[in-house]
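See structure below.
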Amino acid sequence: MEWTVQLSKQAGRQAGRGWAVAALASIPLVMTLGNSMLIPVLPAMERHLDITPLQSSLLITMYSVVAILFIPLAGYISDRIGRKMVIVPSLLLAAVGGGLAGWAAWRVSDPYGWMIAGRMLQGLGAAGAFPIVLPLVGDLFPDEEEASRCLGTVETANTFGKVLSPILGAMLAGIIWFFPFFSFPVFCLLSAAMMVWSIQVPARRERPLPFRDFIAVVAAIFRREGRWLIGVFVIGGLLMLVLFAFLFFLSSRLEDVYGIDGMRKGWVLAIPLGALCLASFAAGKAIGDRKQRMKWGAAAGSVLLAAALALVPLHPSLSVWLALFSAAGIGAALPCLDALITEGIEKSERGTVTSFYSSLRFIGVAAGPPLAAWLMKGGAGPLLFLLSGLALLGGALVVWLIRPEGEKGGRG
């Protein structure tokens with residue numbers, strides 16, 4: 001009888017953890033939908049709003065620019081008042097921003113400025129949502145291997161959002177071109193409800209540091225761990241720049257060169273992103289709590305991405321392009337970088353440190369589409385060779401700057 005009761009309690013704990021992981025994973029999924037869902041719709045927006053490709057890319061970029069500015073503040077606040085107390089209101093704020101952008105597209109005669117304002121409000125909400133998930137995983141799962149598995153699931157959800165985004169965005173835009181904006185508040189509210197009901201944050205036993213002491217602690221972290229931390233920050237930003245620049249390029253090329261639009265374009269874009277999603281899931285399972293695996297997984301993923309992008313301009317076939325980018329290793333690299341950050345920093349400092357990391361990732365997201373729009377004027381080659389070089393640089397920085405314990409010169 002006692003054994004049966006213990007088994008029942010264990011099953012209950014496992015189910016509770018499963019729901020908690022699902023709630024955490026819903027946040028990057030929703031935030032990714034809020035941004036990536038617009039990528040296949042940008043050409044249609046250019047036609048309906050009579051704007052240039054550069055102006056349409058700003059609908060992606062302004063979301064990220066605002067997030068970049070406020071992520072460090074959100075991380076600091078989450079260290080003081082709790083992760084959940086920041087995430088839930090941020091999801092609600094992001095929902096309001098999406099609703100504003102959709103309302104402007106529907107009811108305003110010259111909606112572009114209002115749509116930018118709505119996207120900026122979405123970005124403000126995003127600053128307090130996905131970036132805070134990473135330290136929250138570390139808070140909820142003290143076991144490093146379990147935390148790594150959860151981070152793999154979170155990064156998989158992030159990548160799955162990119163898989164689902166072009167299909168869902170194209171499907172909704174096929175009804176009315178601004179419908180993707182109205183869908184975002186629904187997703188945000190569902191995610192917020194899951195957070196409220198499924199996440200039980202451990203009681204905080206220590207008092208937050210005064211601001212002056214907090215700044216001194218952060219400075220000490222960067223003096224002690226600055227080499228590898230800055231490396232992870234820069235690499236994460238480079239990889240996100242490469243990913244979003246390529247997606248913007250591929251979305252435009254599918255319509256302009258291959259005549260593929262609507263739902264067909266959504267399914268085509270989903271092919272390489274689906275492969276990246278599987279790679280993220282496998283990497284999260286494989287790395288466990290081994291920092292050497294995290295390092296070399298990130299390095300190998302970056303080099304594979306560089307090789308794939310360098311080969312793309314040499315083959316005009318769309319099927320070859322999709323196969324090459326599907327084999328790229330960015331999906332494996334990102335969970336490794338996430339795990340290095342969350343496992344290498346003390347719990348009380350994770351919110352602020354991961355916020356810097358998330359800011360650099362958002363810088364990459366913000367810079368990618370305008371860079372692609374500018375370089376595409378000179379053809380595919382210059383853009384893709386530059387992206388390949390940036391990915392290769394990321395791999396080199398992994399090898400040079402990240403030195404886990406047990407490796408010569410390693411500290412973190």
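We label chains A, B, ... in the order they appear in the structure tokens, count residues from 1 in each chain, and number ligands from 1 in the order shown.
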Find the residues around Ile363 in chain A up to 7 Å (only C-alpha atoms counted), leave out those fewer than 2 positions away in its own chain, and share them as a PyMOL selection string.
chain A and resi 64-65+68+237+359-361+365-367
Convert the current residue selection to file output with N, CA, C and O atoms, as a PDB file, in the first residue's frame.
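Written file, out_5.pdb:
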```
ATOM      1  N   SER A  64      12.187  43.754 -32.430  1.00  0.00           N
ATOM      2  CA  SER A  64      13.416  43.288 -31.793  1.00  0.00           C
ATOM      3  C   SER A  64      14.191  44.431 -31.149  1.00  0.00           C
ATOM      4  O   SER A  64      14.808  44.251 -30.094  1.00  0.00           O
ATOM      5  N   VAL A  65      14.179  45.618 -31.763  1.00  0.00           N
ATOM      6  CA  VAL A  65      14.926  46.756 -31.214  1.00  0.00           C
ATOM      7  C   VAL A  65      14.408  47.117 -29.829  1.00  0.00           C
ATOM      8  O   VAL A  65      15.185  47.328 -28.886  1.00  0.00           O
ATOM      9  N   ILE A  68      15.463  44.512 -27.336  1.00  0.00           N
ATOM     10  CA  ILE A  68      16.883  44.652 -26.984  1.00  0.00           C
ATOM     11  C   ILE A  68      17.065  45.658 -25.855  1.00  0.00           C
ATOM     12  O   ILE A  68      17.809  45.429 -24.897  1.00  0.00           O
ATOM     13  N   GLY A 237      24.110  35.968 -31.040  1.00  0.00           N
ATOM     14  CA  GLY A 237      23.659  37.049 -31.910  1.00  0.00           C
ATOM     15  C   GLY A 237      23.964  36.790 -33.372  1.00  0.00           C
ATOM     16  O   GLY A 237      23.132  37.031 -34.255  1.00  0.00           O
ATOM     17  N   SER A 359      19.470  39.729 -25.302  1.00  0.00           N
ATOM     18  CA  SER A 359      19.592  40.990 -26.041  1.00  0.00           C
ATOM     19  C   SER A 359      20.427  40.817 -27.294  1.00  0.00           C
ATOM     20  O   SER A 359      20.075  41.324 -28.365  1.00  0.00           O
ATOM     21  N   LEU A 360      21.549  40.108 -27.157  1.00  0.00           N
ATOM     22  CA  LEU A 360      22.398  39.883 -28.335  1.00  0.00           C
ATOM     23  C   LEU A 360      21.681  39.045 -29.377  1.00  0.00           C
ATOM     24  O   LEU A 360      21.825  39.274 -30.584  1.00  0.00           O
ATOM     25  N   ARG A 361      20.876  38.074 -28.946  1.00  0.00           N
ATOM     26  CA  ARG A 361      20.100  37.281 -29.900  1.00  0.00           C
ATOM     27  C   ARG A 361      19.086  38.165 -30.616  1.00  0.00           C
ATOM     28  O   ARG A 361      18.896  38.049 -31.838  1.00  0.00           O
ATOM     29  N   VAL A 365      18.317  39.106 -34.609  1.00  0.00           N
ATOM     30  CA  VAL A 365      16.996  39.056 -35.246  1.00  0.00           C
ATOM     31  C   VAL A 365      16.669  40.398 -35.902  1.00  0.00           C
ATOM     32  O   VAL A 365      16.128  40.450 -37.020  1.00  0.00           O
ATOM     33  N   ALA A 366      17.005  41.492 -35.211  1.00  0.00           N
ATOM     34  CA  ALA A 366      16.703  42.831 -35.741  1.00  0.00           C
ATOM     35  C   ALA A 366      17.543  43.158 -36.969  1.00  0.00           C
ATOM     36  O   ALA A 366      17.058  43.789 -37.918  1.00  0.00           O
ATOM     37  N   ALA A 367      18.800  42.749 -36.959  1.00  0.00           N
ATOM     38  CA  ALA A 367      19.713  43.131 -38.048  1.00  0.00           C
ATOM     39  C   ALA A 367      19.545  42.268 -39.282  1.00  0.00           C
ATOM     40  O   ALA A 367      19.823  42.727 -40.403  1.00  0.00           O
TER      41      ALA A 367
END
```
Please identify all polymer residues within 8 Å of Pro369 in chain A, counting only C-alpha atoms, omitting same-chain residues fewer than 2 positions from it, and present them as a PyMOL selection string.
chain A and resi 57+60-61+244-245+248-249+365-367+371-373
List as number ranges by chain the protein and nucleic acid residues near range 126-136 of chain A, meaning an atom at most 8 Å away when only C-alpha atoms are counted, but skip any in the same chain fewer than 4 places from it.
A: 24, 27-28, 31, 66-68, 70-71, 74-75, 78, 83, 86-88, 90-91, 94, 122, 140, 151, 338, 342, 347, 350-351, 354-355, 358
List the spatial neighbours of Val41 in chain A as a list of chain:residue names - criterion: any atom at most 8 Å away, only C-alpha atoms, same-chain residues fewer than 6 positions off excluded.
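The neighbour list is A:Gly169, A:Ala170, A:Ala173, A:Trp177.
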Keeping all heavy atoms for every residue in the selection just given, could you write it to a file as an mmCIF file, in the first residue's frame?
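See part_24.cif below for the written result:
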```
data_model
loop_
_atom_site.group_PDB
_atom_site.id
_atom_site.type_symbol
_atom_site.label_atom_id
_atom_site.label_comp_id
_atom_site.auth_asym_id
_atom_site.auth_seq_id
_atom_site.Cartn_x
_atom_site.Cartn_y
_atom_site.Cartn_z
ATOM 1 N N GLY A 169 1.084 31.572 -40.749
ATOM 2 C CA GLY A 169 1.022 32.933 -41.256
ATOM 3 C C GLY A 169 0.412 32.991 -42.648
ATOM 4 O O GLY A 169 -0.449 33.838 -42.935
ATOM 5 N N ALA A 170 0.847 32.076 -43.529
ATOM 6 C CA ALA A 170 0.311 32.052 -44.891
ATOM 7 C C ALA A 170 -1.165 31.673 -44.893
ATOM 8 O O ALA A 170 -1.963 32.224 -45.665
ATOM 9 C CB ALA A 170 1.114 31.070 -45.742
ATOM 10 N N ALA A 173 -3.131 34.734 -43.506
ATOM 11 C CA ALA A 173 -3.086 35.832 -44.470
ATOM 12 C C ALA A 173 -3.891 35.511 -45.722
ATOM 13 O O ALA A 173 -4.338 36.429 -46.426
ATOM 14 C CB ALA A 173 -1.643 36.142 -44.843
ATOM 15 N N TRP A 177 -5.144 39.565 -45.101
ATOM 16 C CA TRP A 177 -3.699 39.689 -44.964
ATOM 17 C C TRP A 177 -3.255 40.100 -43.559
ATOM 18 O O TRP A 177 -2.132 39.795 -43.143
ATOM 19 C CB TRP A 177 -3.139 40.683 -45.997
ATOM 20 C CG TRP A 177 -3.574 42.109 -45.806
ATOM 21 C CD1 TRP A 177 -4.696 42.695 -46.288
ATOM 22 C CD2 TRP A 177 -2.873 43.116 -45.075
ATOM 23 N NE1 TRP A 177 -4.751 44.014 -45.905
ATOM 24 C CE2 TRP A 177 -3.643 44.306 -45.164
ATOM 25 C CE3 TRP A 177 -1.682 43.153 -44.364
ATOM 26 C CZ2 TRP A 177 -3.260 45.499 -44.563
ATOM 27 C CZ3 TRP A 177 -1.296 44.349 -43.759
ATOM 28 C CH2 TRP A 177 -2.082 45.491 -43.872
#
```
Which residues, written as a list in words, have at least one atom at most 10 Å from Met376 in chain A, with only C-alpha atoms counted and residues fewer than 6 positions away on the same chain left out?
Phe248, Phe249, Ser252, Arg253, Pro370, Pro382, Leu383 and Leu384 of chain A
Between A:Ala275, A:Val257, A:Ala396, A:Leu269, which residue has the minimum interatomic distance to Gly379 in chain A, considering only C-alpha atoms?
A:Val257
Could you pull out the residues in range 127-360 of chain A that DSSP calls alpha helix (DSSP H) from the backbone, as JSON, numbers by chain?
{"A": [127, 130, 131, 132, 133, 134, 135, 136, 137, 138, 139, 140, 144, 145, 146, 147, 148, 149, 150, 151, 152, 153, 154, 155, 156, 157, 158, 159, 160, 161, 162, 163, 164, 165, 166, 167, 168, 169, 170, 171, 172, 173, 174, 175, 179, 180, 181, 182, 183, 184, 185, 186, 187, 188, 189, 190, 191, 192, 193, 194, 195, 196, 197, 198, 211, 212, 213, 214, 215, 216, 217, 218, 219, 220, 221, 222, 223, 224, 225, 226, 227, 228, 229, 230, 231, 232, 233, 234, 235, 236, 237, 238, 239, 240, 241, 242, 243, 244, 245, 246, 247, 248, 249, 250, 251, 252, 253, 254, 255, 256, 262, 263, 264, 265, 266, 267, 268, 269, 270, 271, 272, 273, 274, 275, 276, 277, 278, 279, 280, 281, 282, 283, 284, 285, 286, 287, 291, 292, 293, 294, 295, 296, 297, 298, 299, 300, 301, 302, 303, 304, 305, 306, 307, 308, 309, 310, 311, 318, 319, 320, 321, 322, 323, 324, 325, 326, 330, 331, 332, 333, 334, 335, 336, 337, 338, 339, 340, 341, 342, 343, 344, 347, 348, 349, 350, 351, 352, 353, 354, 355, 356, 357, 358, 359, 360]}
What's around Leu305 in chain A at 12 Å? Count only C-alpha atoms, leave out sequence neighbours fewer than 4 positions away in its own chain, and write the answer as an MDAnalysis selection string.
chainID A and resid 238:240 242:243 246 272 276 298:301 309:312 324:334 384:385 387:395
Write to file, as a compact mmCIF listing (two decimals), in the first residue's frame, the residues of the selection just made, with N, CA, C and O atoms.
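Output file result_23.txt is given in full below:
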```
# COMPACT_ATOMS: atom_id res chain seq x y z
N LEU A 238 25.17 36.28 -33.66
CA LEU A 238 25.55 35.98 -35.04
C LEU A 238 24.64 34.92 -35.65
O LEU A 238 24.19 35.05 -36.80
N LEU A 239 24.36 33.86 -34.89
CA LEU A 239 23.54 32.78 -35.43
C LEU A 239 22.11 33.24 -35.71
O LEU A 239 21.52 32.86 -36.73
N MET A 240 21.55 34.08 -34.85
CA MET A 240 20.20 34.57 -35.09
C MET A 240 20.17 35.54 -36.27
O MET A 240 19.20 35.55 -37.04
N VAL A 242 22.12 35.34 -38.91
CA VAL A 242 22.21 34.49 -40.09
C VAL A 242 20.87 33.83 -40.38
O VAL A 242 20.40 33.80 -41.53
N LEU A 243 20.21 33.31 -39.35
CA LEU A 243 18.95 32.61 -39.55
C LEU A 243 17.88 33.54 -40.11
O LEU A 243 17.22 33.21 -41.11
N PHE A 246 18.59 34.78 -43.71
CA PHE A 246 18.34 33.74 -44.72
C PHE A 246 16.84 33.53 -44.91
O PHE A 246 16.37 33.36 -46.04
N PRO A 272 13.09 23.22 -44.15
CA PRO A 272 14.37 23.35 -43.44
C PRO A 272 14.19 23.67 -41.96
O PRO A 272 14.97 23.23 -41.12
N LEU A 276 15.68 21.87 -38.47
CA LEU A 276 16.33 22.57 -37.36
C LEU A 276 15.65 22.24 -36.03
O LEU A 276 16.30 22.11 -35.00
N ALA A 298 28.07 23.37 -30.19
CA ALA A 298 27.90 24.72 -30.74
C ALA A 298 28.88 24.98 -31.87
O ALA A 298 28.53 25.58 -32.89
N ALA A 299 30.13 24.52 -31.71
CA ALA A 299 31.15 24.73 -32.75
C ALA A 299 30.79 23.98 -34.03
O ALA A 299 30.83 24.54 -35.13
N ALA A 300 30.44 22.69 -33.88
CA ALA A 300 30.11 21.88 -35.05
C ALA A 300 28.87 22.42 -35.76
O ALA A 300 28.83 22.48 -37.00
N GLY A 301 27.86 22.86 -34.99
CA GLY A 301 26.67 23.41 -35.60
C GLY A 301 26.95 24.66 -36.41
O GLY A 301 26.43 24.84 -37.51
N LEU A 309 25.58 27.34 -46.20
CA LEU A 309 25.33 28.64 -46.83
C LEU A 309 26.32 28.93 -47.94
O LEU A 309 25.97 29.57 -48.93
N ALA A 310 27.56 28.47 -47.80
CA ALA A 310 28.56 28.70 -48.85
C ALA A 310 28.23 27.91 -50.12
O ALA A 310 28.53 28.35 -51.23
N LEU A 311 27.57 26.76 -49.95
CA LEU A 311 27.24 25.92 -51.10
C LEU A 311 25.94 26.35 -51.79
O LEU A 311 25.75 26.05 -52.98
N VAL A 312 25.06 27.03 -51.07
CA VAL A 312 23.76 27.41 -51.64
C VAL A 312 23.89 28.20 -52.94
O VAL A 312 23.22 27.90 -53.93
N LEU A 324 20.33 21.66 -48.32
CA LEU A 324 21.54 22.19 -47.67
C LEU A 324 21.20 22.89 -46.36
O LEU A 324 21.85 22.66 -45.33
N PHE A 325 20.18 23.75 -46.39
CA PHE A 325 19.86 24.47 -45.16
C PHE A 325 19.25 23.54 -44.11
O PHE A 325 19.39 23.77 -42.91
N SER A 326 18.57 22.48 -44.56
CA SER A 326 18.05 21.50 -43.62
C SER A 326 19.18 20.79 -42.89
O SER A 326 19.03 20.38 -41.74
N ALA A 327 20.31 20.61 -43.57
CA ALA A 327 21.46 19.94 -42.96
C ALA A 327 22.30 20.88 -42.11
O ALA A 327 23.24 20.43 -41.44
N ALA A 328 22.00 22.18 -42.15
CA ALA A 328 22.78 23.15 -41.37
C ALA A 328 22.61 22.88 -39.87
O ALA A 328 21.59 22.37 -39.44
N GLY A 329 23.61 23.25 -39.11
CA GLY A 329 23.65 22.85 -37.71
C GLY A 329 23.18 23.88 -36.71
O GLY A 329 23.42 23.72 -35.51
N ILE A 330 22.48 24.94 -37.15
CA ILE A 330 22.09 25.98 -36.20
C ILE A 330 21.13 25.43 -35.14
O ILE A 330 21.14 25.86 -33.99
N GLY A 331 20.29 24.47 -35.53
CA GLY A 331 19.37 23.88 -34.57
C GLY A 331 20.08 23.17 -33.43
O GLY A 331 19.59 23.15 -32.30
N ALA A 332 21.25 22.58 -33.70
CA ALA A 332 22.03 21.92 -32.65
C ALA A 332 22.83 22.92 -31.83
O ALA A 332 23.08 22.70 -30.64
N ALA A 333 23.26 24.02 -32.44
CA ALA A 333 24.12 24.97 -31.76
C ALA A 333 23.39 25.75 -30.67
O ALA A 333 23.93 25.99 -29.59
N LEU A 334 22.15 26.15 -30.93
CA LEU A 334 21.45 27.05 -30.00
C LEU A 334 21.18 26.42 -28.63
O LEU A 334 21.42 27.09 -27.60
N LEU A 384 24.75 35.49 -49.24
CA LEU A 384 24.94 34.14 -48.69
C LEU A 384 26.40 33.88 -48.31
O LEU A 384 26.67 33.21 -47.30
N PHE A 385 27.34 34.42 -49.07
CA PHE A 385 28.75 34.25 -48.69
C PHE A 385 29.07 35.02 -47.40
O PHE A 385 29.84 34.56 -46.56
N LEU A 387 26.85 35.65 -44.98
CA LEU A 387 26.24 34.87 -43.89
C LEU A 387 27.07 33.64 -43.56
O LEU A 387 27.21 33.27 -42.37
N SER A 388 27.63 33.01 -44.57
CA SER A 388 28.50 31.85 -44.33
C SER A 388 29.73 32.26 -43.52
O SER A 388 30.12 31.57 -42.57
N GLY A 389 30.31 33.40 -43.86
CA GLY A 389 31.48 33.88 -43.12
C GLY A 389 31.14 34.20 -41.68
O GLY A 389 31.93 33.91 -40.76
N LEU A 390 29.95 34.77 -41.43
CA LEU A 390 29.55 35.09 -40.06
C LEU A 390 29.33 33.82 -39.24
O LEU A 390 29.70 33.76 -38.06
N ALA A 391 28.74 32.80 -39.87
CA ALA A 391 28.56 31.52 -39.16
C ALA A 391 29.90 30.88 -38.84
O ALA A 391 30.10 30.33 -37.75
N LEU A 392 30.83 30.94 -39.79
CA LEU A 392 32.17 30.38 -39.55
C LEU A 392 32.88 31.14 -38.44
O LEU A 392 33.57 30.54 -37.60
N LEU A 393 32.71 32.46 -38.42
CA LEU A 393 33.27 33.26 -37.33
C LEU A 393 32.70 32.82 -35.99
O LEU A 393 33.44 32.72 -34.99
N GLY A 394 31.41 32.53 -35.95
CA GLY A 394 30.80 32.04 -34.72
C GLY A 394 31.43 30.75 -34.25
O GLY A 394 31.73 30.59 -33.06
N GLY A 395 31.67 29.81 -35.17
CA GLY A 395 32.32 28.56 -34.81
C GLY A 395 33.73 28.78 -34.28
O GLY A 395 34.15 28.13 -33.31
```
Just to confirm, what's the straight-line distance from CA of Ile39 in chain A to CA of Ala283 in chain A in Å (one decimal)?
26.3 Å
By how many Å are CA of Ala306 in chain A and CA of Asn158 in chain A apart?
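For CA of Ala306 in chain A relative to CA of Asn158 in chain A, the distance reads 21.3 Å.
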